[in-house]
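A quick write-up on the structure given underneath.
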Amino acid sequence: MAIDYAKIGLKVGLEIHQQLNTQAKLFCSCPPALFKEEPEITFLRRLRPTQSELGQVDPAAFFEFQKGVRILYEANRATSCLVEMDEEPPHPLNMEAVEVVLTAALMMNMQPIDEVHVMRKTVIDGSNTTGFQRTCIIASDGWIKVGEKTIPMQAASLEEDAARKTGEEDGGKTIRYRIDRLGIPLIEVATAPVIYSPAEAQEVALAIGRILRDTGKVMRGLGTIRQDLNVSIPNGALMEIKGVQELELIAKVVEYEVQRQLGLLQVKEELNNRGVKAEDLRQEFVDVSAVFQRTKCKVIRKALDKGQMVLAVRLPKFGGVLKRELMPGFRVGTELSDRARFWGRVGGIFHTDEMPNYGITAEEVEALRKAVGAGVDDAVVFVADTAENVHDALKAVVERAQEAIAGVPAETRTAKEDGTTRYMRPRPGAARMYPETDIPPVLLTAELVEKIRASLPEPAEKKVARLMKEYSLNEKLAKQVVDSGYATLLETIVKASSVSATTVAAFLTETLKALKRDGVQIENVADEQVLEIFRAVGAGELAKEAVADVFAWLSKHEGKSLNDAVESLGLRPLSKKELEVIVDRVVAENKRSIEGLGNKAFGLLMGAVMKEVRGKADPDLVARLLKQRLR
Amino acid sequence: MTEKAESSGYKGEVLNALRKAGCEVGDIIRVTAGGKSYEGILIPRSESGDTAHIVVKLKSGYNIGIRIKPDVKIERIGKGAKPMFASPLLPEQKPELPKAIILSTGGTIASRVDYRSGAVRSALSASDLYGVVPELADVARVETEIVFSLYSENLTQQHWSQLAQKVAEHIAQGADGVIIAHGTDTMAYTAAALSFALQNLPVPVILVGAQRSSDRPSSDAATNLIAAVQAATKAPFAEVAIAMHETVSDTSIAITRGTKVRKCHTSRRDTFKPVNATPLARVNNGEVIMLTDEYQKRDATKKLILKPDFSEAVALVKFYPGLDPAVIDWHVEKGCKGILLEGTGLGHVSKYCFDAIRNAVNRGVVVALASQCIWGRVNMNVYDTGRDLLNLGVIPLDDMFPETALVKLMWVLGQTSDAAEAKKLLKINIAGEFSPRTMLDKFGVEGEEADGN
Ligand SMILES: [Zn+2]
């Protein structure tokens with residue numbers, strides 16, 4: 001189904017966050033690095049929503065606080081100090097990071113702020129030990145060109161990255177966060193909501209990503225860049241979609257979101273036609289544990305054995321609505337389920353639109369319907385968990401069902417790897433910001449701005465032209481290299497090895513793309529290692545055919561060296577002597593079959609030798625040796 | 001915290017430019033400079049800020065500083081609204097709960113933020129406090145009184161006296177426990193002072209503070225305060241103590257005797273450590289768990305003995321290699337009545353200071369000694385230097401660390417001006433400041449587990 005997005009009135013704004021590859025974190029001297037081992041340090045905290053006079057306590061956070069949610073922080077000494085633990089005031093703003101953001105901002109034609117003030121943006125889900133994220137505007141009001149269109153850029157900010165969630169315990173009452181990522185500098189750039197199609201959103205994101213990479217100071221790889229989207233259609237709602245990690249996913253996420261909102265609008269119409277009113281949906285819950293006393297449903301069985309309960313609610317005239325698909329694998333029932341998970345800390349919900357299923361029998365469904373007094377047009381939602389959790393879960397389900405009658409609720413959603421989105425939390429009110437008084441304001445002097453302006457990175461088009469000229473790359477390859485963000489690496493490799501630029505460029509673009517498609521974690525291999533690989537190729541120590549295998553091996557064995565890879569893959573190149581022995585043997589073995597073949601014999605023998613030595617010998621050398629033998 | 005008359009912080013030409021444009025702090029303004037204009041609320045300038053910029057809070061919530069040059073145009077486009085800090089209603093008091101009195105001396109144990117302007121205001125009245133820390137309503141009937149509004153480094157002996165009298169008044173009026181909100185920097189000094197001034201206490205007096213300001217969600221203020229109120233109203237002991245985080249986790253609050261506790265870290269939540277002691281109690285999940293049997297028992301029938309006087313003619317002299325003994329002479333000349341020497345190791349001060357010390361003692365100055373090691377006990381019998389100092393008339397103060405020793409000397413000289421009497425009083429254990437046995441307790445901050453679960 002092709003959708004005319006212009007006709008629908010789609011509007012998208014982009015907010016792109018990328019980690020900066022600075023020496024130190026934003027407010028302390030720790031390295032911006034993560035750790036994978038067990039934590040050396042753990043500590044427990046609670047965050048208390050500070051009350052605002054306007055009553056702007058974040059509803060989700062306040063709810064969690066009331067439920068006694070605690071946060072278990074994990075740290076190690078290599079990546080965190082007291083600053084990340086909120087046990088020491090922040091150090092002054094990292095000027096290296098300020099300069100990177102200023103560089104990107106000037107490339108986007110923004111105006112630097114005269115005096116930068118660091119703010120505290122209240123965030124009390126535990127992702128920041130302080131309860132706020134430190135952030136500051138560095139420049140504002142610029143533009144970039146994407147194709148023929150000018151995209152206005154609202155602002156470039158510098159902020160600290162948050163801790164990363166590593167798990168939940170005690171049925172969601174303890175949330176684990178790792179603070180290694182906390183404090184890594186992030187650049188945030190935002191466009192105005194002037195993007196009108198999914199494809200355009202992706203193009204603009206690509207253009208911004210290219211500029212950021214051109215600063216030479218941003219991190220690469222999964223988790224280092226996060227795109228947030230603001231998506232809205234008329235009559236729908238403004239949806240904030242967080243954390244799209246792959247650029248290639250943006251168009252799909254927007255498409256799915258439009259589908260979802262259109263679907264919800266149809267659901268609204270359907271419900272209105274059926275004459276359902278919000279007040280018909282009551283928070284009247286029925287304990288239906290008795291219905292499932294002998295159930296074969298594993299989830300319910302387990303809950304009842306633990307002494308928990310099954311609670312049900314009737315959704316009048318919702319029969320059949322819950323199974324309606326909104327996105328691939330995502331139904332109206334999923335909308336209810338996501339809310340129940342978030343507010344009720346349950347694993348999920350059951351509803352009659354998907355029954356009988358999961359070991360629940362038709363008889364049980366009948367008894368359930370009877371217990372809650374549901375008619376044929378009604379749907380019944382039921383949940384098995386602790387009394388507290390099932391009540392919170394069904395309360396959230398009823399609220400979401402009521403919203404379905406009104407249309408599309410404004411939400412903050414999180415993007416999944418398949419491009420669909422899931423409920424994350426309610427939309428926060430206006431950003432709750434107040435000054436970070438522990439950090440003195442920073443002057444962006446005219447001298448500083450001019451210094452940076454004078455040494456701005458080369459713009460993309462110029463770089464393409466230069467790569468074509470200096471390295472004799474064709475236009476397509478040069479463009480691909482620039483788009484990939486590997487131009488600097490290409491130049492470094494070509495200067496440091498005798499490998500041809502075209503070979504290196506093909507590897508950095510096509511080969512890497514293919515490897516990524518095959519599931520290789522390409523970000524696990526450092527630029528220095530890639531350089532080392534090509535140095536070895538240039539020195540004849542590694543066959544150029546083996547580069548992809550070595551790279552893939554290194555991505556799976558972090559911390560190992562090139563030598564380890566060569567050793568483990570059996571790729572140590574053969575010496576000339578070893579090669580001569582093989583060539584002689586192959587010639588002898590095939591003596592019979594090549595007789596009388598004349599020139600064709602060469603091709604046959606070449607194939608036979610290469611089969612044995614691929615990746616361990618240079619084909620040119622094999623050909624030379626073979627020709628000598630055949631002479 | 002000193003409440004200054006509200007000032008915009010703007011000075012000189014910038015202030016003139018703002019006046020000319022008719023703009024006041026809180027107004028919505030538009031600033032146009034070089035073809036670019038910014039709109040937002042005019043924010044006060046920090047006192048330490050330069051005089052070339054104005055601060056505007058943009059609609060996005062961000063503050064930015066804009067340089068005011070002659071060609072910059074400032075317009076007032078909307079009238080400002082003053083931040084409104086309406087107090088929430090007092091929750092219903094539960095008559096069955098004990099009565100706690102919270103005295104405030106300054107700092108902010110609780111505060112509220114006006115996100116519109118970014119202003120932070122401290123919450124000190126009982127209703128403010130309940131609004132910010134509603135859990136208190138389930139612990140006690142809380143009354144509050146602001147005694148001072150001072151940074152803790154500005155508190156002196158006179159303030160200790162006033163505070164002791166204030167505590168005595170409230171105890172006389174039937175408080176079941178007294179809580180004193182205090183800046184952490186000098187909280188241990190005040191705790192020691194009150195320990196000597198308030199004797200034979202019928203109920204606990206708990207000092208409490210915060211290492212992270214109360215305007216942030218991660219503040220330790222509320223957790224410490226709730227635990228302090230719990231200890232003050234429920235604990236079986238009746239002594240002066242400090243309630244602060246035991247570890248960097250929010251799980252347990254240590255209650256430590258006022259004469260045996262010291263601020264040991266500039267920034268950590270668990271900065272207060274018992275010195276030559278263990279904590280008296282720990283508050284965990286609302287439970288007060290006693291950690292020792294040696295304490296003065298709570299008993300409402302006990303009659304408080306108030307001795308609130310402190311001498312101001314007391315000095316602390318820290319010995320260090322190369323100390324000029326003229327410093328000691330100078331204090332004596334200035335009329336000092338007591339000198340606490342902060343000696344090295346087991347209790348030593350170089351021989352070249354002996355003449356000055358002898359002179360001081362001869363002029364009737366009480367000279368006592370505590371060790372700059374902080375942890376451990378002085379013993380001046382081990383080395384010649386120690387024995388010589390004893391012979392000069394220097395009083396060794398056993399396992400008292402210098403700050404408590406200093407406060408005790410101030411208090412002793414507030415009770416008597418007779419040197420011989422003072423020396424005697426110095427050696428009497430008044431408020432658990434001496435312990436006869438030195439145990440293998442943890443010392444310092446290091447070695448503590450960060451893990452509090
Ligand atoms: Zn750090």
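Chains: A, B, ... in order of the structure tokens. Residues: from 1 per chain. Ligands: from 1, in order shown.
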
Taking only range 118-304 of chain A into account, list the residues labelled helix (DSSP H, G or I) by DSSP (computed from the backbone), as a PyMOL selection string. chain A and resi 170-172+198-214+247-274+278-280+289-292+298-304

Around ligand 1, which protein and nucleic acid residues have at least one atom no more than 8 Å from it, if we count only C-alpha atoms and all ligand atoms? List them as a ChimeraX atom specification. /A:25,27-31,79-84,183

Written selection (N, CA, C and O atoms) as an mmCIF file, in the first residue's frame:
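After the write, selection.cif holds the following:
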```cif
data_model
loop_
_atom_site.group_PDB
_atom_site.id
_atom_site.type_symbol
_atom_site.label_atom_id
_atom_site.label_comp_id
_atom_site.auth_asym_id
_atom_site.auth_seq_id
_atom_site.Cartn_x
_atom_site.Cartn_y
_atom_site.Cartn_z
ATOM 1 N N LYS A 25 35.810 12.339 29.688
ATOM 2 C CA LYS A 25 34.374 12.579 29.737
ATOM 3 C C LYS A 25 34.078 14.075 29.862
ATOM 4 O O LYS A 25 34.994 14.890 29.986
ATOM 5 N N PHE A 27 32.546 15.907 32.290
ATOM 6 C CA PHE A 27 32.713 16.632 33.557
ATOM 7 C C PHE A 27 33.695 15.972 34.513
ATOM 8 O O PHE A 27 33.676 16.241 35.709
ATOM 9 N N CYS A 28 34.534 15.059 33.998
ATOM 10 C CA CYS A 28 35.592 14.503 34.843
ATOM 11 C C CYS A 28 36.673 13.979 33.915
ATOM 12 O O CYS A 28 36.536 14.041 32.709
ATOM 13 N N SER A 29 37.712 13.432 34.503
ATOM 14 C CA SER A 29 38.847 13.008 33.686
ATOM 15 C C SER A 29 38.831 11.523 33.357
ATOM 16 O O SER A 29 39.831 10.974 32.929
ATOM 17 N N CYS A 30 37.714 10.866 33.565
ATOM 18 C CA CYS A 30 37.629 9.448 33.216
ATOM 19 C C CYS A 30 37.611 9.295 31.697
ATOM 20 O O CYS A 30 37.124 10.171 30.989
ATOM 21 N N PRO A 31 38.130 8.152 31.195
ATOM 22 C CA PRO A 31 38.083 7.930 29.754
ATOM 23 C C PRO A 31 36.655 7.611 29.310
ATOM 24 O O PRO A 31 35.914 6.979 30.061
ATOM 25 N N THR A 79 36.543 3.091 34.489
ATOM 26 C CA THR A 79 35.685 3.961 33.692
ATOM 27 C C THR A 79 34.910 5.000 34.504
ATOM 28 O O THR A 79 34.256 5.852 33.912
ATOM 29 N N SER A 80 34.913 4.929 35.824
ATOM 30 C CA SER A 80 34.150 5.906 36.611
ATOM 31 C C SER A 80 34.923 6.343 37.846
ATOM 32 O O SER A 80 35.664 5.560 38.438
ATOM 33 N N CYS A 81 34.679 7.594 38.225
ATOM 34 C CA CYS A 81 35.231 8.109 39.468
ATOM 35 C C CYS A 81 34.060 8.596 40.319
ATOM 36 O O CYS A 81 32.901 8.306 40.031
ATOM 37 N N LEU A 82 34.334 9.366 41.344
ATOM 38 C CA LEU A 82 33.262 9.827 42.223
ATOM 39 C C LEU A 82 32.276 10.743 41.499
ATOM 40 O O LEU A 82 31.125 10.853 41.903
ATOM 41 N N VAL A 83 32.721 11.419 40.439
ATOM 42 C CA VAL A 83 31.811 12.344 39.747
ATOM 43 C C VAL A 83 30.614 11.591 39.185
ATOM 44 O O VAL A 83 29.462 11.974 39.402
ATOM 45 N N GLU A 84 30.858 10.479 38.490
ATOM 46 C CA GLU A 84 29.744 9.715 37.928
ATOM 47 C C GLU A 84 28.875 9.121 39.034
ATOM 48 O O GLU A 84 27.689 8.875 38.839
ATOM 49 N N GLY A 183 28.316 10.402 31.409
ATOM 50 C CA GLY A 183 29.331 11.454 31.338
ATOM 51 C C GLY A 183 30.087 11.493 30.025
ATOM 52 O O GLY A 183 30.863 12.410 29.789
#
```

Write out as a PyMOL selection string the residues lying within 7 Å of range 5-19 of chain B, counting only C-alpha atoms and excluding same-chain residues fewer than 2 positions away. chain B and resi 3+21-23+25+44-47+51-52+68

Residues from last step as file, all heavy atoms, as a PDB file, in the first residue's frame:
```
ATOM      1  N   GLU B   3      20.040  35.171  53.532  1.00  0.00           N
ATOM      2  CA  GLU B   3      19.033  35.608  52.562  1.00  0.00           C
ATOM      3  C   GLU B   3      19.306  37.067  52.263  1.00  0.00           C
ATOM      4  O   GLU B   3      19.034  37.932  53.079  1.00  0.00           O
ATOM      5  CB  GLU B   3      17.629  35.436  53.163  1.00  0.00           C
ATOM      6  CG  GLU B   3      17.306  34.006  53.532  1.00  0.00           C
ATOM      7  CD  GLU B   3      16.602  33.266  52.424  1.00  0.00           C
ATOM      8  OE1 GLU B   3      16.055  33.942  51.534  1.00  0.00           O
ATOM      9  OE2 GLU B   3      16.596  32.033  52.453  1.00  0.00           O
ATOM     10  N   ALA B  21      15.725  49.916  28.683  1.00  0.00           N
ATOM     11  CA  ALA B  21      14.709  49.132  27.965  1.00  0.00           C
ATOM     12  C   ALA B  21      13.509  48.814  28.863  1.00  0.00           C
ATOM     13  O   ALA B  21      12.546  48.190  28.420  1.00  0.00           O
ATOM     14  CB  ALA B  21      15.328  47.844  27.442  1.00  0.00           C
ATOM     15  N   GLY B  22      13.594  49.236  30.116  1.00  0.00           N
ATOM     16  CA  GLY B  22      12.500  48.991  31.049  1.00  0.00           C
ATOM     17  C   GLY B  22      12.348  47.528  31.425  1.00  0.00           C
ATOM     18  O   GLY B  22      11.242  47.058  31.690  1.00  0.00           O
ATOM     19  N   CYS B  23      13.456  46.800  31.431  1.00  0.00           N
ATOM     20  CA  CYS B  23      13.383  45.362  31.706  1.00  0.00           C
ATOM     21  C   CYS B  23      13.806  45.045  33.136  1.00  0.00           C
ATOM     22  O   CYS B  23      14.815  45.531  33.610  1.00  0.00           O
ATOM     23  CB  CYS B  23      14.295  44.595  30.758  1.00  0.00           C
ATOM     24  SG  CYS B  23      13.830  44.782  29.051  1.00  0.00           S
ATOM     25  N   VAL B  25      14.242  41.694  36.025  1.00  0.00           N
ATOM     26  CA  VAL B  25      14.398  40.238  36.134  1.00  0.00           C
ATOM     27  C   VAL B  25      13.019  39.585  36.158  1.00  0.00           C
ATOM     28  O   VAL B  25      12.117  40.052  36.844  1.00  0.00           O
ATOM     29  CB  VAL B  25      15.198  39.884  37.404  1.00  0.00           C
ATOM     30  CG1 VAL B  25      15.044  38.416  37.757  1.00  0.00           C
ATOM     31  CG2 VAL B  25      16.676  40.217  37.194  1.00  0.00           C
ATOM     32  N   PRO B  44      18.356  36.497  36.739  1.00  0.00           N
ATOM     33  CA  PRO B  44      19.372  37.258  37.477  1.00  0.00           C
ATOM     34  C   PRO B  44      20.770  36.761  37.138  1.00  0.00           C
ATOM     35  O   PRO B  44      20.955  35.607  36.769  1.00  0.00           O
ATOM     36  CB  PRO B  44      19.053  36.959  38.953  1.00  0.00           C
ATOM     37  CG  PRO B  44      17.754  36.258  38.978  1.00  0.00           C
ATOM     38  CD  PRO B  44      17.470  35.738  37.613  1.00  0.00           C
ATOM     39  N   ARG B  45      21.742  37.640  37.273  1.00  0.00           N
ATOM     40  CA  ARG B  45      23.132  37.288  36.987  1.00  0.00           C
ATOM     41  C   ARG B  45      23.805  36.876  38.282  1.00  0.00           C
ATOM     42  O   ARG B  45      23.587  37.492  39.321  1.00  0.00           O
ATOM     43  CB  ARG B  45      23.844  38.507  36.411  1.00  0.00           C
ATOM     44  CG  ARG B  45      25.283  38.245  36.008  1.00  0.00           C
ATOM     45  CD  ARG B  45      25.430  38.307  34.510  1.00  0.00           C
ATOM     46  NE  ARG B  45      26.806  38.070  34.080  1.00  0.00           N
ATOM     47  CZ  ARG B  45      27.150  37.036  33.323  1.00  0.00           C
ATOM     48  NH1 ARG B  45      26.242  36.166  32.939  1.00  0.00           N
ATOM     49  NH2 ARG B  45      28.390  36.883  32.936  1.00  0.00           N
ATOM     50  N   SER B  46      24.611  35.825  38.194  1.00  0.00           N
ATOM     51  CA  SER B  46      25.349  35.399  39.381  1.00  0.00           C
ATOM     52  C   SER B  46      26.308  36.508  39.804  1.00  0.00           C
ATOM     53  O   SER B  46      26.848  37.236  38.969  1.00  0.00           O
ATOM     54  CB  SER B  46      26.102  34.115  39.069  1.00  0.00           C
ATOM     55  OG  SER B  46      27.421  34.181  39.520  1.00  0.00           O
ATOM     56  N   GLU B  47      26.505  36.646  41.113  1.00  0.00           N
ATOM     57  CA  GLU B  47      27.354  37.718  41.657  1.00  0.00           C
ATOM     58  C   GLU B  47      28.764  37.646  41.080  1.00  0.00           C
ATOM     59  O   GLU B  47      29.439  38.647  40.921  1.00  0.00           O
ATOM     60  CB  GLU B  47      27.409  37.613  43.179  1.00  0.00           C
ATOM     61  CG  GLU B  47      26.109  37.991  43.877  1.00  0.00           C
ATOM     62  CD  GLU B  47      25.779  39.477  43.751  1.00  0.00           C
ATOM     63  OE1 GLU B  47      26.717  40.291  43.735  1.00  0.00           O
ATOM     64  OE2 GLU B  47      24.581  39.808  43.648  1.00  0.00           O
ATOM     65  N   THR B  51      30.449  41.575  33.785  1.00  0.00           N
ATOM     66  CA  THR B  51      29.441  42.629  33.657  1.00  0.00           C
ATOM     67  C   THR B  51      29.101  42.891  32.198  1.00  0.00           C
ATOM     68  O   THR B  51      28.538  43.927  31.865  1.00  0.00           O
ATOM     69  CB  THR B  51      29.941  43.936  34.299  1.00  0.00           C
ATOM     70  OG1 THR B  51      31.208  44.244  33.691  1.00  0.00           O
ATOM     71  CG2 THR B  51      30.128  43.778  35.783  1.00  0.00           C
ATOM     72  N   ALA B  52      29.451  41.948  31.310  1.00  0.00           N
ATOM     73  CA  ALA B  52      29.231  42.194  29.888  1.00  0.00           C
ATOM     74  C   ALA B  52      28.043  41.417  29.315  1.00  0.00           C
ATOM     75  O   ALA B  52      27.653  41.644  28.191  1.00  0.00           O
ATOM     76  CB  ALA B  52      30.500  41.838  29.111  1.00  0.00           C
ATOM     77  N   ILE B  68      26.313  42.046  25.682  1.00  0.00           N
ATOM     78  CA  ILE B  68      25.626  43.304  25.381  1.00  0.00           C
ATOM     79  C   ILE B  68      26.639  44.308  24.833  1.00  0.00           C
ATOM     80  O   ILE B  68      27.484  44.811  25.554  1.00  0.00           O
ATOM     81  CB  ILE B  68      24.921  43.863  26.639  1.00  0.00           C
ATOM     82  CG1 ILE B  68      23.873  42.852  27.135  1.00  0.00           C
ATOM     83  CG2 ILE B  68      24.264  45.202  26.340  1.00  0.00           C
ATOM     84  CD1 ILE B  68      22.814  42.465  26.095  1.00  0.00           C
TER      85      ILE B  68
END
```

Which residues are close to Ser60 in chain B, i.e. within 12 Å by only C-alpha atoms, leaving aside same-chain residues fewer than 2 positions away? Reply as a list in words. Met119, Lys121, Thr135, Cys136, Ile137, Ser140, Gln154, Ala155, Ser157, Gly429, Ala430, Ala431, Arg432, Met433 and Tyr434 of chain A; Tyr38, Glu39, Gly40, Ile41, Val56, Lys57, Leu58, Tyr62, Asn63, Ile64, Tyr115 and Arg116 of chain B

Just the selected residues (N, CA, C and O atoms), exported as a tab-separated table (two decimals), in the first residue's frame, please.
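New file result.tsv:
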```
chain	number	residue	atom	x	y	z
A	119	MET	N	22.95	23.49	32.10
A	119	MET	CA	21.66	23.34	32.78
A	119	MET	C	21.51	21.91	33.30
A	119	MET	O	22.16	21.00	32.83
A	121	LYS	N	18.74	19.08	33.41
A	121	LYS	CA	17.44	18.67	32.88
A	121	LYS	C	16.98	17.47	33.72
A	121	LYS	O	17.62	16.42	33.70
A	135	THR	N	23.31	19.61	30.46
A	135	THR	CA	23.22	19.90	29.03
A	135	THR	C	23.41	21.39	28.81
A	135	THR	O	23.09	22.19	29.70
A	136	CYS	N	23.92	21.79	27.65
A	136	CYS	CA	24.06	23.22	27.36
A	136	CYS	C	23.97	23.45	25.86
A	136	CYS	O	24.35	22.60	25.07
A	137	ILE	N	23.42	24.59	25.51
A	137	ILE	CA	23.38	24.98	24.09
A	137	ILE	C	24.69	25.65	23.73
A	137	ILE	O	25.18	26.51	24.46
A	140	SER	N	23.03	28.00	17.83
A	140	SER	CA	21.65	27.81	17.40
A	140	SER	C	21.42	28.44	16.04
A	140	SER	O	22.26	29.19	15.53
A	154	GLN	N	17.86	23.76	14.33
A	154	GLN	CA	17.48	24.58	15.47
A	154	GLN	C	18.64	24.87	16.42
A	154	GLN	O	18.85	26.01	16.80
A	155	ALA	N	19.33	23.84	16.84
A	155	ALA	CA	20.39	24.06	17.82
A	155	ALA	C	21.37	22.91	17.86
A	155	ALA	O	21.06	21.79	17.45
A	157	SER	N	23.66	21.17	20.83
A	157	SER	CA	23.89	21.17	22.27
A	157	SER	C	24.97	20.16	22.61
A	157	SER	O	25.26	19.25	21.84
A	429	GLY	N	6.19	16.59	30.46
A	429	GLY	CA	5.73	17.96	30.22
A	429	GLY	C	6.90	18.77	29.69
A	429	GLY	O	7.86	18.21	29.17
A	430	ALA	N	6.82	20.08	29.82
A	430	ALA	CA	7.91	20.92	29.36
A	430	ALA	C	9.18	20.48	30.09
A	430	ALA	O	9.12	20.03	31.23
A	431	ALA	N	10.32	20.58	29.39
A	431	ALA	CA	11.58	20.16	29.99
A	431	ALA	C	11.76	20.89	31.31
A	431	ALA	O	11.57	22.09	31.39
A	432	ARG	N	12.08	20.14	32.33
A	432	ARG	CA	12.24	20.76	33.63
A	432	ARG	C	13.71	21.07	33.83
A	432	ARG	O	14.50	20.20	34.18
A	433	MET	N	14.06	22.31	33.58
A	433	MET	CA	15.47	22.68	33.61
A	433	MET	C	15.73	23.77	34.63
A	433	MET	O	14.93	24.68	34.79
A	434	TYR	N	16.87	23.64	35.28
A	434	TYR	CA	17.34	24.72	36.14
A	434	TYR	C	18.86	24.75	36.08
A	434	TYR	O	19.48	23.79	35.63
B	38	TYR	N	16.98	36.63	20.20
B	38	TYR	CA	16.66	35.60	21.19
B	38	TYR	C	15.51	36.10	22.04
B	38	TYR	O	15.48	37.28	22.42
B	39	GLU	N	14.57	35.23	22.36
B	39	GLU	CA	13.47	35.59	23.26
B	39	GLU	C	13.46	34.69	24.47
B	39	GLU	O	13.69	33.49	24.36
B	40	GLY	N	13.17	35.28	25.61
B	40	GLY	CA	13.10	34.45	26.81
B	40	GLY	C	12.94	35.31	28.05
B	40	GLY	O	12.69	36.52	27.96
B	41	ILE	N	13.08	34.65	29.19
B	41	ILE	CA	12.90	35.34	30.46
B	41	ILE	C	14.25	35.87	30.93
B	41	ILE	O	15.25	35.14	30.88
B	56	VAL	N	19.48	34.90	29.64
B	56	VAL	CA	18.09	34.74	29.22
B	56	VAL	C	17.75	33.26	29.23
B	56	VAL	O	18.54	32.44	28.78
B	57	LYS	N	16.58	32.95	29.79
B	57	LYS	CA	16.11	31.56	29.75
B	57	LYS	C	15.21	31.42	28.53
B	57	LYS	O	14.15	32.03	28.46
B	58	LEU	N	15.64	30.63	27.56
B	58	LEU	CA	14.88	30.46	26.32
B	58	LEU	C	13.64	29.61	26.57
B	58	LEU	O	13.53	28.95	27.59
B	62	TYR	N	16.60	26.30	28.20
B	62	TYR	CA	18.04	26.56	28.32
B	62	TYR	C	18.30	28.01	28.71
B	62	TYR	O	17.62	28.93	28.23
B	63	ASN	N	19.32	28.23	29.53
B	63	ASN	CA	19.83	29.58	29.78
B	63	ASN	C	20.98	29.83	28.83
B	63	ASN	O	21.79	28.93	28.58
B	64	ILE	N	21.05	31.06	28.32
B	64	ILE	CA	22.23	31.44	27.55
B	64	ILE	C	22.65	32.83	27.99
B	64	ILE	O	21.84	33.62	28.46
B	115	TYR	N	10.83	25.77	37.98
B	115	TYR	CA	11.46	25.49	36.69
B	115	TYR	C	11.25	26.61	35.68
B	115	TYR	O	11.98	26.73	34.72
B	116	ARG	N	10.23	27.43	35.91
B	116	ARG	CA	9.98	28.50	34.96
B	116	ARG	C	11.17	29.45	34.94
B	116	ARG	O	11.67	29.83	33.90
```

Do a neighbour search on range 488-499 of chain A at 8 Å with only C-alpha atoms, toss out local chain neighbours closer than 2 positions, and write the hits as a PyMOL selection string. chain A and resi 216+481+485-486+501+503-505+508+527+531+534-535+537-539

Atom-to-atom span, CA of Lys577 in chain A and CA of Arg629 in chain A, Å: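 Separating CA of Lys577 in chain A from CA of Arg629 in chain A is a distance of 14.0 Å.
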